[in-house]
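Novice: Shown below is the structure under consideration.
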Amino acid sequence: MSELKQKIEQALQTVYDPDFPVVDIYTLGLIYEVFVDETAEKAKILMSFTTPAC
């Protein structure tokens with residue numbers, strides 16, 4: 001795993017869903033995959049939401 005991907009995943013562990021403010025979105029399982037293109041300096045995050053209204 002690249003260092004950048006690790007940093008992104010660590011940052012996602014500090015983001016909390018308003019519906020579940022005691023658990024971060026990474027631990028909740030809302031993040032399916034983090035794709036990193038270091039050459040283009042871009043990242044894509046495949047995720048879901050806790051409710052359809054998000």
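Order determines the names: the first chain of the structure tokens is A, the second B, and so forth; residues in each chain are numbered 1 upward, and ligands are numbered 1 upward as they are shown.
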Could you give me, as a ChimeraX atom specification, each residue of chain A that DSSP assigns to strand (DSSP E or B) when run on this structure's backbone?
Specialist: /A:16-17,20-24,31-37,42-47
Novice: Residues within 10 Å of Thr51 of chain A, please, as an mmCIF file with C-alpha atoms, in the first residue's frame. Count only C-alpha atoms; anything in the same chain fewer than 3 positions from it doesn't count.
Specialist:
data_model
loop_
_atom_site.group_PDB
_atom_site.id
_atom_site.type_symbol
_atom_site.label_atom_id
_atom_site.label_comp_id
_atom_site.auth_asym_id
_atom_site.auth_seq_id
_atom_site.Cartn_x
_atom_site.Cartn_y
_atom_site.Cartn_z
ATOM 1 C CA ASP A 19 -26.283 10.038 11.668
ATOM 2 C CA SER A 48 -21.769 4.449 0.034
ATOM 3 C CA CYS A 54 -27.365 11.920 1.916
#
Novice: Which residues come within 10 Å of Val15 of chain A, counting only C-alpha atoms, excluding same-chain residues fewer than 5 positions away, as a list of chain:residue names?
Specialist: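 That gives A:Gln10, A:Pro21, A:Val23, A:Asp24, A:Ile25, A:Tyr26, A:Thr27.
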Novice: For those residues, write C-alpha atoms to a file as a compact mmCIF listing (two decimals), in the first residue's frame.
Specialist:
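Contents of result.txt, as written:
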# COMPACT_ATOMS: atom_id res chain seq x y z
CA GLN A 10 -6.11 7.73 8.04
CA PRO A 21 -21.33 10.71 15.22
CA VAL A 23 -18.12 6.07 14.54
CA ASP A 24 -16.07 7.33 11.60
CA ILE A 25 -17.09 6.56 8.01
CA TYR A 26 -14.10 4.28 7.46
CA THR A 27 -14.88 2.07 10.46
